[in-house]
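Text of run.cif, listed as mmCIF, C-alpha atoms and all ligand atoms:
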```
data_data
loop_
_atom_site.group_PDB
_atom_site.id
_atom_site.type_symbol
_atom_site.label_atom_id
_atom_site.label_comp_id
_atom_site.auth_asym_id
_atom_site.auth_seq_id
_atom_site.Cartn_x
_atom_site.Cartn_y
_atom_site.Cartn_z
ATOM 1 C CA MET O 1 -15.319 1.205 -4.091
ATOM 2 C CA ARG O 2 -13.103 -0.432 -1.512
ATOM 3 C CA LYS O 3 -13.917 0.514 2.067
ATOM 4 C CA LYS O 4 -11.358 2.959 3.462
ATOM 5 C CA VAL O 5 -9.066 1.816 6.265
ATOM 6 C CA THR O 6 -9.806 4.160 9.181
ATOM 7 C CA LYS O 7 -9.097 2.011 12.249
ATOM 8 C CA ALA O 8 -5.769 0.837 13.547
ATOM 9 C CA ILE O 9 -4.920 -1.562 16.345
ATOM 10 C CA PHE O 10 -1.757 -0.978 18.375
ATOM 11 C CA PRO O 11 -0.816 -4.052 20.403
ATOM 12 C CA VAL O 12 1.063 -2.665 23.417
ATOM 13 C CA ALA O 13 0.426 -5.285 26.073
ATOM 14 C CA GLY O 14 3.930 -6.802 26.075
ATOM 15 C CA MET O 15 5.923 -6.669 29.314
ATOM 16 C CA GLY O 16 9.060 -5.310 27.661
ATOM 17 C CA THR O 17 11.321 -7.627 29.621
ATOM 18 C CA ARG O 18 14.240 -6.907 27.293
ATOM 19 C CA PHE O 19 14.331 -3.391 28.727
ATOM 20 C CA LEU O 20 14.310 -4.285 32.407
ATOM 21 C CA PRO O 21 14.837 -2.630 34.821
ATOM 22 C CA ALA O 22 13.489 0.462 32.970
ATOM 23 C CA THR O 23 10.216 -1.313 32.157
ATOM 24 C CA LYS O 24 9.549 -2.025 35.839
ATOM 25 C CA SER O 25 7.740 1.308 35.870
ATOM 26 C CA VAL O 26 7.931 2.728 32.323
ATOM 27 C CA PRO O 27 5.941 1.032 29.578
ATOM 28 C CA LYS O 28 8.322 0.237 26.732
ATOM 29 C CA GLU O 29 6.115 2.109 24.278
ATOM 30 C CA ILE O 30 6.687 5.448 25.953
ATOM 31 C CA MET O 31 10.442 5.150 26.025
ATOM 32 C CA THR O 32 11.746 8.013 23.944
ATOM 33 C CA LEU O 33 13.591 8.253 20.673
ATOM 34 C CA VAL O 34 15.209 11.690 21.006
ATOM 35 C CA ASP O 35 12.171 13.429 22.583
ATOM 36 C CA ARG O 36 9.132 11.507 21.380
ATOM 37 C CA PRO O 37 7.839 8.266 22.809
ATOM 38 C CA LEU O 38 7.893 5.265 20.466
ATOM 39 C CA VAL O 39 4.130 5.277 20.379
ATOM 40 C CA GLN O 40 4.006 8.840 19.044
ATOM 41 C CA TYR O 41 5.880 7.743 15.926
ATOM 42 C CA ALA O 42 3.281 5.002 15.439
ATOM 43 C CA ILE O 43 0.362 7.428 15.895
ATOM 44 C CA ASP O 44 1.860 9.958 13.464
ATOM 45 C CA GLU O 45 2.378 7.251 10.861
ATOM 46 C CA ALA O 46 -1.187 6.015 11.257
ATOM 47 C CA ARG O 47 -2.635 9.512 10.949
ATOM 48 C CA ALA O 48 -0.660 10.143 7.760
ATOM 49 C CA ALA O 49 -2.254 6.981 6.346
ATOM 50 C CA GLY O 50 -5.792 8.242 7.034
ATOM 51 C CA ILE O 51 -6.456 6.425 10.313
ATOM 52 C CA LYS O 52 -9.168 8.089 12.431
ATOM 53 C CA GLU O 53 -9.642 5.594 15.266
ATOM 54 C CA PHE O 54 -6.741 4.370 17.365
ATOM 55 C CA ILE O 55 -7.282 1.204 19.371
ATOM 56 C CA PHE O 56 -4.672 0.272 21.960
ATOM 57 C CA VAL O 57 -4.539 -3.241 23.338
ATOM 58 C CA THR O 58 -2.921 -2.757 26.735
ATOM 59 C CA SER O 59 -2.272 -4.714 29.916
ATOM 60 C CA ARG O 60 -1.562 -4.196 33.589
ATOM 61 C CA GLY O 61 1.028 -1.491 34.268
ATOM 62 C CA LYS O 62 0.396 0.588 31.152
ATOM 63 C CA GLY O 63 -1.215 3.522 32.978
ATOM 64 C CA ALA O 64 1.561 5.924 31.968
ATOM 65 C CA LEU O 65 0.844 5.127 28.336
ATOM 66 C CA GLU O 66 -2.827 6.063 28.728
ATOM 67 C CA ASP O 67 -1.875 9.243 30.588
ATOM 68 C CA TYR O 68 0.461 10.243 27.792
ATOM 69 C CA PHE O 69 -2.521 10.766 25.511
ATOM 70 C CA ASP O 70 -4.376 13.063 27.902
ATOM 71 C CA HIS O 71 -4.454 16.755 27.147
ATOM 72 C CA ALA O 72 -2.234 18.840 29.421
ATOM 73 C CA PRO O 73 -4.091 22.170 29.841
ATOM 74 C CA GLN O 74 -1.961 23.350 32.771
ATOM 75 C CA LEU O 75 1.227 22.768 30.864
ATOM 76 C CA GLU O 76 -0.264 24.437 27.777
ATOM 77 C CA ASN O 77 -1.180 27.527 29.832
ATOM 78 C CA GLU O 78 2.301 27.703 31.315
ATOM 79 C CA LEU O 79 3.913 27.551 27.884
ATOM 80 C CA LYS O 80 1.477 30.146 26.539
ATOM 81 C CA LYS O 81 2.228 32.513 29.458
ATOM 82 C CA LYS O 82 5.950 32.152 28.859
ATOM 83 C CA GLY O 83 5.566 32.709 25.125
ATOM 84 C CA LYS O 84 7.056 29.303 24.299
ATOM 85 C CA ASP O 85 5.061 29.015 21.109
ATOM 86 C CA LYS O 86 7.191 26.402 19.394
ATOM 87 C CA LEU O 87 6.936 24.008 22.336
ATOM 88 C CA LEU O 88 3.229 24.714 22.660
ATOM 89 C CA GLU O 89 2.737 23.796 19.039
ATOM 90 C CA ILE O 90 4.684 20.542 19.493
ATOM 91 C CA LEU O 91 2.640 19.694 22.571
ATOM 92 C CA LYS O 92 -0.663 20.424 20.852
ATOM 93 C CA SER O 93 0.288 18.350 17.827
ATOM 94 C CA THR O 94 0.223 15.276 20.091
ATOM 95 C CA ASN O 95 -3.304 15.929 21.410
ATOM 96 C CA MET O 96 -5.881 13.271 20.634
ATOM 97 C CA ASP O 97 -9.558 14.164 20.304
ATOM 98 C CA SER O 98 -11.983 12.628 22.770
ATOM 99 C CA GLY O 99 -13.355 9.383 21.409
ATOM 100 C CA GLU O 100 -10.571 9.021 18.902
ATOM 101 C CA ILE O 101 -8.591 6.675 21.073
ATOM 102 C CA ALA O 102 -9.729 3.528 22.856
ATOM 103 C CA TYR O 103 -8.055 1.108 25.216
ATOM 104 C CA ILE O 104 -8.845 -2.565 25.503
ATOM 105 C CA ARG O 105 -7.180 -4.871 27.987
ATOM 106 C CA GLN O 106 -5.574 -8.116 27.011
ATOM 107 C CA HIS O 107 -6.107 -9.995 30.240
ATOM 108 C CA ARG O 108 -3.705 -12.813 29.486
ATOM 109 C CA ALA O 109 -0.510 -12.758 27.432
ATOM 110 C CA LEU O 110 -1.594 -15.291 24.815
ATOM 111 C CA GLY O 111 0.234 -13.841 21.809
ATOM 112 C CA LEU O 112 -0.048 -11.185 19.098
ATOM 113 C CA GLY O 113 -3.002 -12.898 17.385
ATOM 114 C CA HIS O 114 -4.915 -12.921 20.648
ATOM 115 C CA ALA O 115 -4.075 -9.249 21.290
ATOM 116 C CA VAL O 116 -5.529 -8.286 17.895
ATOM 117 C CA TRP O 117 -8.580 -10.485 18.524
ATOM 118 C CA CYS O 118 -9.249 -8.572 21.778
ATOM 119 C CA ALA O 119 -10.085 -5.503 19.631
ATOM 120 C CA ARG O 120 -12.606 -7.300 17.402
ATOM 121 C CA ARG O 121 -15.720 -5.616 18.798
ATOM 122 C CA LEU O 122 -14.289 -2.159 18.160
ATOM 123 C CA VAL O 123 -13.402 -2.909 14.559
ATOM 124 C CA HIS O 124 -16.550 -4.757 13.454
ATOM 125 C CA ASN O 125 -16.805 -5.756 9.849
ATOM 126 C CA GLU O 126 -14.294 -3.584 8.050
ATOM 127 C CA PRO O 127 -10.665 -3.682 6.977
ATOM 128 C CA PHE O 128 -8.238 -2.429 9.613
ATOM 129 C CA ALA O 129 -4.549 -1.731 10.136
ATOM 130 C CA VAL O 130 -2.226 -3.132 12.788
ATOM 131 C CA ILE O 131 0.904 -1.261 13.829
ATOM 132 C CA LEU O 132 3.550 -2.749 16.116
ATOM 133 C CA PRO O 133 5.174 0.330 17.703
ATOM 134 C CA ASP O 134 8.436 -1.605 18.317
ATOM 135 C CA ASP O 135 9.059 -1.503 14.597
ATOM 136 C CA VAL O 136 9.936 2.114 13.891
ATOM 137 C CA ILE O 137 10.236 2.939 10.207
ATOM 138 C CA ALA O 138 11.980 6.065 8.950
ATOM 139 C CA ALA O 139 10.634 6.859 5.488
ATOM 140 C CA GLU O 140 9.982 9.831 3.274
ATOM 141 C CA LYS O 141 6.402 8.652 2.785
ATOM 142 C CA PRO O 142 5.284 6.898 5.996
ATOM 143 C CA CYS O 143 5.199 3.109 5.584
ATOM 144 C CA LEU O 144 1.497 2.594 6.346
ATOM 145 C CA GLN O 145 0.577 5.301 3.848
ATOM 146 C CA GLN O 146 2.601 3.484 1.170
ATOM 147 C CA MET O 147 0.715 0.323 2.058
ATOM 148 C CA VAL O 148 -2.731 1.939 2.034
ATOM 149 C CA GLU O 149 -2.041 3.227 -1.473
ATOM 150 C CA ALA O 150 -0.956 -0.233 -2.629
ATOM 151 C CA TYR O 151 -3.910 -1.858 -0.842
ATOM 152 C CA GLU O 152 -6.344 0.346 -2.732
ATOM 153 C CA GLU O 153 -5.254 -1.606 -5.841
ATOM 154 C CA THR O 154 -5.094 -5.112 -4.369
ATOM 155 C CA GLY O 155 -7.557 -5.399 -1.483
ATOM 156 C CA GLY O 156 -7.132 -8.600 0.513
ATOM 157 C CA ASN O 157 -4.547 -8.643 3.265
ATOM 158 C CA MET O 158 -1.210 -6.891 3.142
ATOM 159 C CA VAL O 159 1.858 -7.186 5.370
ATOM 160 C CA ALA O 160 4.965 -4.997 5.296
ATOM 161 C CA ALA O 161 7.941 -7.033 4.168
ATOM 162 C CA MET O 162 11.719 -6.712 4.226
ATOM 163 C CA GLU O 163 14.600 -9.006 3.235
ATOM 164 C CA VAL O 164 16.531 -10.286 6.258
ATOM 165 C CA PRO O 165 19.495 -12.674 6.523
ATOM 166 C CA LYS O 166 18.258 -16.281 6.691
ATOM 167 C CA GLU O 167 19.989 -16.725 10.076
ATOM 168 C CA SER O 168 17.589 -14.148 11.547
ATOM 169 C CA ALA O 169 14.449 -15.792 10.130
ATOM 170 C CA SER O 170 13.599 -17.218 13.548
ATOM 171 C CA ALA O 171 12.818 -13.683 14.809
ATOM 172 C CA TYR O 172 10.093 -13.097 12.201
ATOM 173 C CA GLY O 173 7.114 -14.311 10.281
ATOM 174 C CA VAL O 174 8.496 -15.339 6.877
ATOM 175 C CA LEU O 175 6.728 -15.292 3.505
ATOM 176 C CA ASP O 176 6.578 -18.092 0.964
ATOM 177 C CA ILE O 177 6.421 -16.170 -2.312
ATOM 178 C CA LYS O 178 4.008 -17.130 -5.083
ATOM 179 C CA GLU O 179 4.785 -14.320 -7.497
ATOM 180 C CA ASP O 180 7.337 -11.524 -7.145
ATOM 181 C CA MET O 181 6.123 -8.286 -8.712
ATOM 182 C CA GLY O 182 8.860 -6.019 -7.354
ATOM 183 C CA SER O 183 7.511 -3.799 -4.613
ATOM 184 C CA MET O 184 4.746 -6.344 -4.086
ATOM 185 C CA VAL O 185 4.719 -10.115 -3.791
ATOM 186 C CA SER O 186 1.760 -12.461 -3.694
ATOM 187 C CA VAL O 187 2.057 -15.032 -0.959
ATOM 188 C CA LYS O 188 1.385 -18.781 -0.968
ATOM 189 C CA GLY O 189 2.468 -19.501 2.602
ATOM 190 C CA MET O 190 3.580 -17.858 5.856
ATOM 191 C CA VAL O 191 5.607 -19.372 8.673
ATOM 192 C CA GLU O 192 6.008 -17.800 12.104
ATOM 193 C CA LYS O 193 9.564 -17.873 13.491
ATOM 194 C CA PRO O 194 11.008 -20.660 11.298
ATOM 195 C CA SER O 195 14.555 -21.952 11.712
ATOM 196 C CA ALA O 196 17.023 -20.864 8.987
ATOM 197 C CA ASP O 197 16.569 -24.275 7.307
ATOM 198 C CA GLU O 198 12.789 -24.125 7.316
ATOM 199 C CA ALA O 199 12.455 -20.486 6.193
ATOM 200 C CA PRO O 200 10.684 -20.460 2.803
ATOM 201 C CA SER O 201 12.447 -17.221 1.746
ATOM 202 C CA ASN O 202 14.344 -14.346 3.303
ATOM 203 C CA LEU O 203 11.372 -11.993 3.040
ATOM 204 C CA ALA O 204 10.228 -11.242 6.598
ATOM 205 C CA VAL O 205 7.048 -9.674 7.934
ATOM 206 C CA ILE O 206 7.556 -6.277 9.595
ATOM 207 C CA GLY O 207 5.009 -4.842 12.023
ATOM 208 C CA ARG O 208 2.563 -3.131 9.665
ATOM 209 C CA TYR O 209 -0.555 -4.902 8.444
ATOM 210 C CA ILE O 210 -3.747 -4.108 6.565
ATOM 211 C CA LEU O 211 -6.191 -6.904 7.234
ATOM 212 C CA SER O 212 -9.664 -8.010 6.301
ATOM 213 C CA PRO O 213 -12.153 -8.619 9.129
ATOM 214 C CA ASN O 214 -12.074 -12.332 8.191
ATOM 215 C CA ILE O 215 -8.938 -12.398 10.333
ATOM 216 C CA PHE O 216 -11.075 -12.133 13.484
ATOM 217 C CA ARG O 217 -13.086 -15.168 12.413
ATOM 218 C CA ASN O 218 -9.876 -17.082 11.794
ATOM 219 C CA LEU O 219 -8.532 -16.013 15.193
ATOM 220 C CA ASN O 220 -11.734 -17.298 16.832
ATOM 221 C CA LYS O 221 -10.832 -20.821 15.798
ATOM 222 C CA LEU O 222 -7.081 -20.650 16.142
ATOM 223 C CA LYS O 223 -5.107 -22.887 18.486
ATOM 224 C CA SER O 224 -1.738 -21.755 19.774
ATOM 225 C CA GLY O 225 1.115 -21.916 17.258
ATOM 226 C CA ALA O 226 4.829 -21.047 17.359
ATOM 227 C CA GLY O 227 6.109 -20.508 20.915
ATOM 228 C CA GLY O 228 2.761 -21.703 22.330
ATOM 229 C CA GLU O 229 1.149 -18.364 21.382
ATOM 230 C CA ILE O 230 -1.852 -17.494 19.220
ATOM 231 C CA GLN O 231 -0.110 -16.106 16.152
ATOM 232 C CA LEU O 232 -1.437 -13.364 13.890
ATOM 233 C CA THR O 233 0.662 -14.879 11.091
ATOM 234 C CA ASP O 234 -1.380 -18.111 11.240
ATOM 235 C CA ALA O 235 -4.697 -16.236 11.030
ATOM 236 C CA ILE O 236 -3.455 -14.282 7.992
ATOM 237 C CA ALA O 237 -2.141 -17.440 6.309
ATOM 238 C CA LYS O 238 -5.689 -18.863 6.383
ATOM 239 C CA GLU O 239 -6.740 -16.110 3.959
ATOM 240 C CA ILE O 240 -4.269 -17.180 1.258
ATOM 241 C CA ASP O 241 -6.668 -19.596 -0.407
ATOM 242 C CA ASN O 242 -9.661 -17.395 0.126
ATOM 243 C CA PRO O 243 -9.438 -14.775 -2.662
ATOM 244 C CA ASP O 244 -13.201 -14.735 -3.364
ATOM 245 C CA ARG O 245 -14.190 -13.745 0.145
ATOM 246 C CA GLY O 246 -11.958 -10.679 0.314
ATOM 247 C CA GLY O 247 -8.875 -12.772 1.012
ATOM 248 C CA GLY O 248 -5.526 -13.153 -0.697
ATOM 249 C CA VAL O 249 -2.264 -12.139 0.980
ATOM 250 C CA TYR O 250 0.378 -9.742 -0.304
ATOM 251 C CA GLY O 251 3.763 -8.706 1.004
ATOM 252 C CA TYR O 252 4.719 -5.082 0.424
ATOM 253 C CA ARG O 253 8.407 -4.129 0.236
ATOM 254 C CA PHE O 254 8.193 -0.666 1.760
ATOM 255 C CA ARG O 255 10.658 2.101 1.010
ATOM 256 C CA GLY O 256 12.309 3.165 4.258
ATOM 257 C CA GLN O 257 14.561 2.032 7.064
ATOM 258 C CA ARG O 258 13.196 -0.156 9.813
ATOM 259 C CA PHE O 259 14.583 -0.143 13.331
ATOM 260 C CA ASP O 260 13.838 -2.966 15.729
ATOM 261 C CA CYS O 261 13.182 -0.879 18.828
ATOM 262 C CA GLY O 262 12.176 -4.031 20.684
ATOM 263 C CA SER O 263 15.911 -4.751 20.975
ATOM 264 C CA LYS O 264 18.503 -2.618 22.736
ATOM 265 C CA ALA O 265 20.839 -2.478 19.730
ATOM 266 C CA GLY O 266 17.961 -1.453 17.440
ATOM 267 C CA PHE O 267 16.788 1.188 19.892
ATOM 268 C CA LEU O 268 20.274 2.705 20.123
ATOM 269 C CA GLN O 269 20.643 2.690 16.328
ATOM 270 C CA ALA O 270 17.289 4.436 15.978
ATOM 271 C CA THR O 271 18.306 7.007 18.589
ATOM 272 C CA VAL O 272 21.437 7.866 16.601
ATOM 273 C CA ALA O 273 19.626 7.895 13.241
ATOM 274 C CA PHE O 274 16.726 10.057 14.476
ATOM 275 C CA GLY O 275 19.177 12.343 16.286
ATOM 276 C CA LEU O 276 21.206 12.837 13.121
ATOM 277 C CA ALA O 277 17.998 13.590 11.217
ATOM 278 C CA ARG O 278 17.281 16.604 13.476
ATOM 279 C CA ASP O 279 18.745 19.920 12.344
ATOM 280 C CA GLU O 280 19.305 21.177 15.881
ATOM 281 C CA LEU O 281 21.239 18.052 16.947
ATOM 282 C CA ARG O 282 23.060 16.965 13.805
ATOM 283 C CA ASP O 283 26.335 18.916 14.118
ATOM 284 C CA ASP O 284 26.911 18.124 17.798
ATOM 285 C CA LEU O 285 26.038 14.473 17.448
ATOM 286 C CA GLU O 286 28.006 13.974 14.259
ATOM 287 C CA GLY O 287 31.051 15.659 15.771
ATOM 288 C CA TYR O 288 30.802 13.445 18.831
ATOM 289 C CA LEU O 289 30.454 10.253 16.776
ATOM 290 C CA GLN O 290 33.441 11.185 14.636
ATOM 291 C CA GLU O 291 35.590 11.870 17.712
ATOM 292 C CA LEU O 292 34.473 8.628 19.285
ATOM 293 C CA MET O 293 35.282 6.557 16.216
ATOM 294 C CA ALA O 294 38.661 8.257 15.803
ATOM 295 C CA ALA O 295 39.530 7.615 19.467
ATOM 296 C CA ARG O 296 38.522 3.954 19.126
ATOM 297 C CA ALA O 297 40.554 3.551 15.937
ATOM 298 C CA ALA O 298 43.599 5.127 17.610
ATOM 299 C CA ALA O 299 43.286 2.787 20.600
ATOM 300 C CA GLU O 300 43.318 -0.345 18.399
HETATM 301 C C1 LIG K 1 5.896 -10.173 15.514
HETATM 302 C C2 LIG K 1 5.206 -11.091 14.508
HETATM 303 C C3 LIG K 1 6.191 -11.525 13.413
HETATM 304 C C4 LIG K 1 6.813 -10.296 12.773
HETATM 305 C C5 LIG K 1 7.464 -9.394 13.838
HETATM 306 C C6 LIG K 1 7.943 -8.093 13.211
HETATM 307 O O1 LIG K 1 6.846 -10.924 16.235
HETATM 308 O O2 LIG K 1 4.698 -12.225 15.183
HETATM 309 O O3 LIG K 1 5.523 -12.279 12.442
HETATM 310 O O4 LIG K 1 7.785 -10.708 11.819
HETATM 311 O O5 LIG K 1 6.524 -9.063 14.873
HETATM 312 O O6 LIG K 1 8.583 -7.283 14.139
HETATM 313 P P1 LIG K 1 7.484 -10.394 17.626
HETATM 314 O O7 LIG K 1 8.574 -9.436 17.240
HETATM 315 O O8 LIG K 1 6.389 -9.749 18.390
HETATM 316 O O9 LIG K 1 8.035 -11.630 18.286
#
```
For this file, produce the structure as structure tokens.
Amino acid sequence: MRKKVTKAIFPVAGMGTRFLPATKSVPKEIMTLVDRPLVQYAIDEARAAGIKEFIFVTSRGKGALEDYFDHAPQLENELKKKGKDKLLEILKSTNMDSGEIAYIRQHRALGLGHAVWCARRLVHNEPFAVILPDDVIAAEKPCLQQMVEAYEETGGNMVAAMEVPKESASAYGVLDIKEDMGSMVSVKGMVEKPSADEAPSNLAVIGRYILSPNIFRNLNKLKSGAGGEIQLTDAIAKEIDNPDRGGGVYGYRFRGQRFDCGSKAGFLQATVAFGLARDELRDDLEGYLQELMAARAAAE
């Protein structure tokens, strides 16, 4: 029997400079899509996939993120007194049990690989997931759950994958495909942030991973890679030729729509999409968008 994946690492140490000045005092990860912070979407997705331990790799200035996960008994009492049951239920659904969530500091911004490595002592010797909360994925079956189901067949290491235009390859880790099996590909190489010319395919890594603990060993020895940072992609690539020791690397083409909430345009698109997906907002928002588009068309 394959060991179940019950731990997930959430790297949230980034400074969020693309969202300055907001991120002067608000961690990017608690900026809201409609009414839920980005990180809540990541937690919900992890829970749906069977994750029981949530490990956050944080940095200076992320206090508000830690506070977000505290229980709010005063607020709960208020809502109860006022009979606001629906809100109370929503609030309670975000509660984390004591001991379920842990925070580790990344003391220096040395890259995604280094951030994951910081959590090594909390994961020990078992497979684990990594979720990058910037990548928000709207899907009928949550993306990580799709991956866990696929991973139960393959083992090894699995990354979420999506086709992107070659010109955008330099924003991603890109897969060199060995065999294409449809929803899954086996991988013979991985390049972090290649130029369009160097990209081995247009299949990009998206921020969901299921990884073997060998990755920590690889990270131990890793020198800095693309952009002078210690890259998770490079540590995963070392497992390609290691199928006997629990290695092998697969890309998983998830079903769903990914929003790059690390960029302003992506965040705005996600806001509109998640707004339109809510029954109580749909009509108003749709009406507004239609009016706006009509007014723009008339002005042209
Ligand atoms: C990270 C990873 C990259 C991956 C991307 C997905 O890059 O290093 O391999 O394709 O996330 O969002 P970042 O966006 O942190 O630069």
Report as JSON lines: every residue of chain O with an atom at most 8 Å from ligand LIG 1 (chain K), its closest pair of atoms, and their distance in Å to one decimal, counting all atoms listed in the file, with rows sorted by chain and ascending residue number.
```
{"residue": "O:Leu112", "atom": "CA", "partner": "K:LIG1", "partner_atom": "O2", "distance": 6.2}
{"residue": "O:Leu132", "atom": "CA", "partner": "K:LIG1", "partner_atom": "O6", "distance": 7.1}
{"residue": "O:Asp134", "atom": "CA", "partner": "K:LIG1", "partner_atom": "O6", "distance": 7.1}
{"residue": "O:Asp135", "atom": "CA", "partner": "K:LIG1", "partner_atom": "O6", "distance": 5.8}
{"residue": "O:Ala171", "atom": "CA", "partner": "K:LIG1", "partner_atom": "O9", "distance": 6.3}
{"residue": "O:Tyr172", "atom": "CA", "partner": "K:LIG1", "partner_atom": "O4", "distance": 3.3}
{"residue": "O:Gly173", "atom": "CA", "partner": "K:LIG1", "partner_atom": "O3", "distance": 3.4}
{"residue": "O:Val174", "atom": "CA", "partner": "K:LIG1", "partner_atom": "O4", "distance": 6.8}
{"residue": "O:Glu192", "atom": "CA", "partner": "K:LIG1", "partner_atom": "O3", "distance": 5.6}
{"residue": "O:Lys193", "atom": "CA", "partner": "K:LIG1", "partner_atom": "O3", "distance": 7.0}
{"residue": "O:Ala204", "atom": "CA", "partner": "K:LIG1", "partner_atom": "O4", "distance": 5.8}
{"residue": "O:Val205", "atom": "CA", "partner": "K:LIG1", "partner_atom": "O4", "distance": 4.1}
{"residue": "O:Ile206", "atom": "CA", "partner": "K:LIG1", "partner_atom": "C6", "distance": 4.1}
{"residue": "O:Gly207", "atom": "CA", "partner": "K:LIG1", "partner_atom": "C6", "distance": 4.5}
{"residue": "O:Gln231", "atom": "CA", "partner": "K:LIG1", "partner_atom": "O2", "distance": 6.3}
{"residue": "O:Leu232", "atom": "CA", "partner": "K:LIG1", "partner_atom": "O2", "distance": 6.4}
{"residue": "O:Thr233", "atom": "CA", "partner": "K:LIG1", "partner_atom": "O3", "distance": 5.7}
{"residue": "O:Asp260", "atom": "CA", "partner": "K:LIG1", "partner_atom": "O6", "distance": 7.0}
{"residue": "O:Gly262", "atom": "CA", "partner": "K:LIG1", "partner_atom": "O7", "distance": 7.4}
```
Expected file contents, prior selection, C-alpha atoms, as a PDB file, in the coordinates of the input:
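Result file again-v9.pdb:
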```pdb
ATOM      1  CA  LEU O 112      -0.048 -11.185  19.098  1.00  0.00           C
ATOM      2  CA  LEU O 132       3.550  -2.749  16.116  1.00  0.00           C
ATOM      3  CA  ASP O 134       8.436  -1.605  18.317  1.00  0.00           C
ATOM      4  CA  ASP O 135       9.059  -1.503  14.597  1.00  0.00           C
ATOM      5  CA  ALA O 171      12.818 -13.683  14.809  1.00  0.00           C
ATOM      6  CA  TYR O 172      10.093 -13.097  12.201  1.00  0.00           C
ATOM      7  CA  GLY O 173       7.114 -14.311  10.281  1.00  0.00           C
ATOM      8  CA  VAL O 174       8.496 -15.339   6.877  1.00  0.00           C
ATOM      9  CA  GLU O 192       6.008 -17.800  12.104  1.00  0.00           C
ATOM     10  CA  LYS O 193       9.564 -17.873  13.491  1.00  0.00           C
ATOM     11  CA  ALA O 204      10.228 -11.242   6.598  1.00  0.00           C
ATOM     12  CA  VAL O 205       7.048  -9.674   7.934  1.00  0.00           C
ATOM     13  CA  ILE O 206       7.556  -6.277   9.595  1.00  0.00           C
ATOM     14  CA  GLY O 207       5.009  -4.842  12.023  1.00  0.00           C
ATOM     15  CA  GLN O 231      -0.110 -16.106  16.152  1.00  0.00           C
ATOM     16  CA  LEU O 232      -1.437 -13.364  13.890  1.00  0.00           C
ATOM     17  CA  THR O 233       0.662 -14.879  11.091  1.00  0.00           C
ATOM     18  CA  ASP O 260      13.838  -2.966  15.729  1.00  0.00           C
ATOM     19  CA  GLY O 262      12.176  -4.031  20.684  1.00  0.00           C
TER      20      GLY O 262
END
```
Requested in this report: Show me as a VMD selection string the residues that reach within 10 Å of (3.5, -0.6, 4.4), counting only C-alpha atoms and using the file's own coordinates.
Outcome: chain O and resid 49 129 131 137 141 to 151 158 to 161 206 to 210 251 to 256
Residues from last step as file, C-alpha atoms, as a compact mmCIF listing (two decimals), in the frame of the given file:
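What ended up in selection-v7.txt:
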```
# COMPACT_ATOMS: atom_id res chain seq x y z
CA ALA O 49 -2.25 6.98 6.35
CA ALA O 129 -4.55 -1.73 10.14
CA ILE O 131 0.90 -1.26 13.83
CA ILE O 137 10.24 2.94 10.21
CA LYS O 141 6.40 8.65 2.78
CA PRO O 142 5.28 6.90 6.00
CA CYS O 143 5.20 3.11 5.58
CA LEU O 144 1.50 2.59 6.35
CA GLN O 145 0.58 5.30 3.85
CA GLN O 146 2.60 3.48 1.17
CA MET O 147 0.72 0.32 2.06
CA VAL O 148 -2.73 1.94 2.03
CA GLU O 149 -2.04 3.23 -1.47
CA ALA O 150 -0.96 -0.23 -2.63
CA TYR O 151 -3.91 -1.86 -0.84
CA MET O 158 -1.21 -6.89 3.14
CA VAL O 159 1.86 -7.19 5.37
CA ALA O 160 4.96 -5.00 5.30
CA ALA O 161 7.94 -7.03 4.17
CA ILE O 206 7.56 -6.28 9.60
CA GLY O 207 5.01 -4.84 12.02
CA ARG O 208 2.56 -3.13 9.66
CA TYR O 209 -0.56 -4.90 8.44
CA ILE O 210 -3.75 -4.11 6.56
CA GLY O 251 3.76 -8.71 1.00
CA TYR O 252 4.72 -5.08 0.42
CA ARG O 253 8.41 -4.13 0.24
CA PHE O 254 8.19 -0.67 1.76
CA ARG O 255 10.66 2.10 1.01
CA GLY O 256 12.31 3.16 4.26
```
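Of the listed residues (O:Cys261, O:Ala138, O:Ala8, O:Ile101), O:Ala138 comes nearest to Ala277 (chain O); the distances count all atoms listed in the file.
Of the listed residues O:Leu285, O:Gly14, O:Lys82, O:Ser201, the one whose atoms come nearest to Gly111 (chain O) is O:Gly14, with distances taken using all atoms listed in the file.
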Query - Point-to-point distance from CA of Glu167 (chain O) to CA of Val249 (chain O), Å rounded to tenths - result: 24.5 Å
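The interatomic distance for the pair CA of Leu203 (chain O) and CA of Thr154 (chain O) works out to 19.3 Å.
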